[in-house]
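Quick notes on the structure that follows.
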Amino acid sequence: MEIASSLVSLTVTKVLQFSGLFDHRNVLRTKKMEEIALEVYDVIRSIRDPEKPNTLEELDVVTEQCVEVQDLGDEEYLIIIRFSPTVPHCSLATLIGLCLQVKLQRCLPFKHKLEIYISEGTHSTEEDINKQINDKERVAAAMENPNLREIVEQCVTEPDD
C-alpha cells in the first residue's frame with residue numbers, strides 16, 4: 001500500500017511538472033511575493049527622516065530592493081526590511097528602525113512577522129541596533145516615552161493625514 005501511494009504521488013508530481021501546472025503555481029507564488037513587497041515599500045517610502053525634511057525614499061535609506069517577503073503559509077508572511085542609514089555613524093538609525101516598525105505594524109492589512117535590519121556594512125553599530133529594533137519589549141517601552149512617540153508620529157504620519 002505504501003509503495004502504491006508513493007508511486008501515485010510521484011506520478012502526479014511528474015504529470016504536474018510536464019503539464020506546466022507545477023511551475024505555474026511557483027510563478028504565481030513569486031508574483032504574489034513581489035506584489036506584497038511593493039505594497040510594503042509603498043507603506044515605508046513616505047516615512048520622513050527624523051532630522052531632514054525628506055522621506056526615507058528620497059534619501060535612499062529605503063529602496064524597493066530593501067524589502068524581502070517570504071510566505072509562511074496560511075496567508076501569513078515574513079517581511080524583512082534592510083535599510084541603509086545615510087552615514088555609518090547615524091545617531092538616528094534606531095529611531096528610523098522604530099518608525100519602520102510602527103508604520104508597518106499599523107498599516108499592513110495581512111498577518112505578518114516583521115524583521116528590520118540595517119544593511120550589512122552601512123552602520124558602525126549595526127548589530128546592536130538590529131537587536132534593539134527587533135526586540136518587541138524595547139519597541140513597546142520606547143513608544144511609551146511621550147517625546148519619542150511624538151517624533152515617531154511626526155515621521156510616520158502622511159502629509160495629507
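Ligands are numbered from 1 in the order shown, chains are lettered A, B, ... in the order of the C-alpha cells, and residues start at 1 in each chain.
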
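Every residue of stretch 27-142 of chain A with a DSSP assignment of strand (DSSP E), taken from the backbone, is listed as A:Val67, A:Glu68, A:Val69, A:Gln70, A:Asp71, A:Leu72, A:Gly73, A:Glu76, A:Tyr77, A:Leu78, A:Ile79, A:Ile80, A:Ile81, A:Arg82, A:Phe83, A:Lys111, A:His112, A:Lys113, A:Leu114, A:Glu115, A:Ile116, A:Tyr117, A:Ile118.
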
May I have the residues within 9 Å of A:Gln101 as a PDB file with C-alpha atoms, in the first residue's frame, using only C-alpha atoms and disregarding those fewer than 4 positions away in the same chain?
```pdb
ATOM      1  CA  ILE A  96      14.405  55.120  11.847  1.00  0.00           C
ATOM      2  CA  GLY A  97      14.062  51.398  12.617  1.00  0.00           C
ATOM      3  CA  GLN A 105       2.533  47.277  12.255  1.00  0.00           C
ATOM      4  CA  ARG A 106      -0.199  49.874  11.767  1.00  0.00           C
ATOM      5  CA  LEU A 114       8.476  41.653  10.785  1.00  0.00           C
ATOM      6  CA  GLU A 115      12.276  41.740  10.859  1.00  0.00           C
ATOM      7  CA  ILE A 116      14.101  45.011  10.355  1.00  0.00           C
ATOM      8  CA  ILE A 133      14.733  47.355  16.727  1.00  0.00           C
ATOM      9  CA  ASN A 134      13.662  43.701  16.660  1.00  0.00           C
ATOM     10  CA  VAL A 139       9.959  48.846  20.963  1.00  0.00           C
TER      11      VAL A 139
END
```

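Considering the residues A:Cys90, A:Ile79, A:Leu95, A:Cys107 and counting only C-alpha atoms, A:Leu148 has its shortest atom-to-atom contact with A:Leu95.
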
Subject >> Atomic distance atom CA of A:Glu120 - atom CA of A:Arg138, expressed in Å with one decimal >> reply: 22.0 Å

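If you measure from each of A:Leu78, A:Ile47, A:Leu72, A:Ile129 to A:Ile151 using only C-alpha atoms, the closest one turns out to be A:Ile47.
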
Original post:
Contacts of A:Thr157 at 10 Å or less, counting only C-alpha atoms, minus same-chain residues fewer than 4 places along, as a PyMOL selection string?
Top reply: chain A and resi 46-48+103+152-153+161

Original post:
Could you name the residues that touch A:Val67 at 6 Å or less, counting only C-alpha atoms, but leaving out those on the same chain fewer than 6 positions away, as a list in words?
Top reply: Ala37, Ile80 and Ile81 of chain A

**OP:** Give me the residues within 12 Å of A:Asp128 as a ChimeraX atom specification, counting only C-alpha atoms and dropping any in the same chain fewer than 4 places off.
**Re:** /A:93-94,117-118,123-124,132-135

Subject >> Test item: residues at most 8 Å from stretch 56-61 of chain A, only C-alpha atoms, excluding those fewer than 4 positions along its chain, as a PyMOL selection string >> reply: chain A and resi 44-49+83-86

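Of the listed residues A:Pro50, A:Thr55, A:Glu150, A:Glu68, the one whose atoms come nearest to A:Leu38 is A:Glu68, with distances taken using only C-alpha atoms.
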
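As for atom CA of A:Val40 and atom CA of A:Thr122, they are spaced 21.8 Å apart.
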
**OP:** Using only C-alpha atoms, determine which residues lie at most 6 Å from stretch 108-113 of chain A, disregarding the query and same-chain residues fewer than 3 positions distant; provide the list as a PyMOL selection string.
**Re:** chain A and resi 76-78+104

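The coordinates place atom CA of A:Gln70 at 26.7 Å from atom CA of A:Thr125.
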
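Counting only C-alpha atoms, the residue from A:His89, A:Arg29, A:Lys52, A:Arg149 that sits nearest to A:Val102 is A:Arg149.
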
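Using only C-alpha atoms, the nearest neighbour of A:Val43 within the list A:Met143, A:Gln154, A:Thr63, A:Lys131 is A:Thr63.
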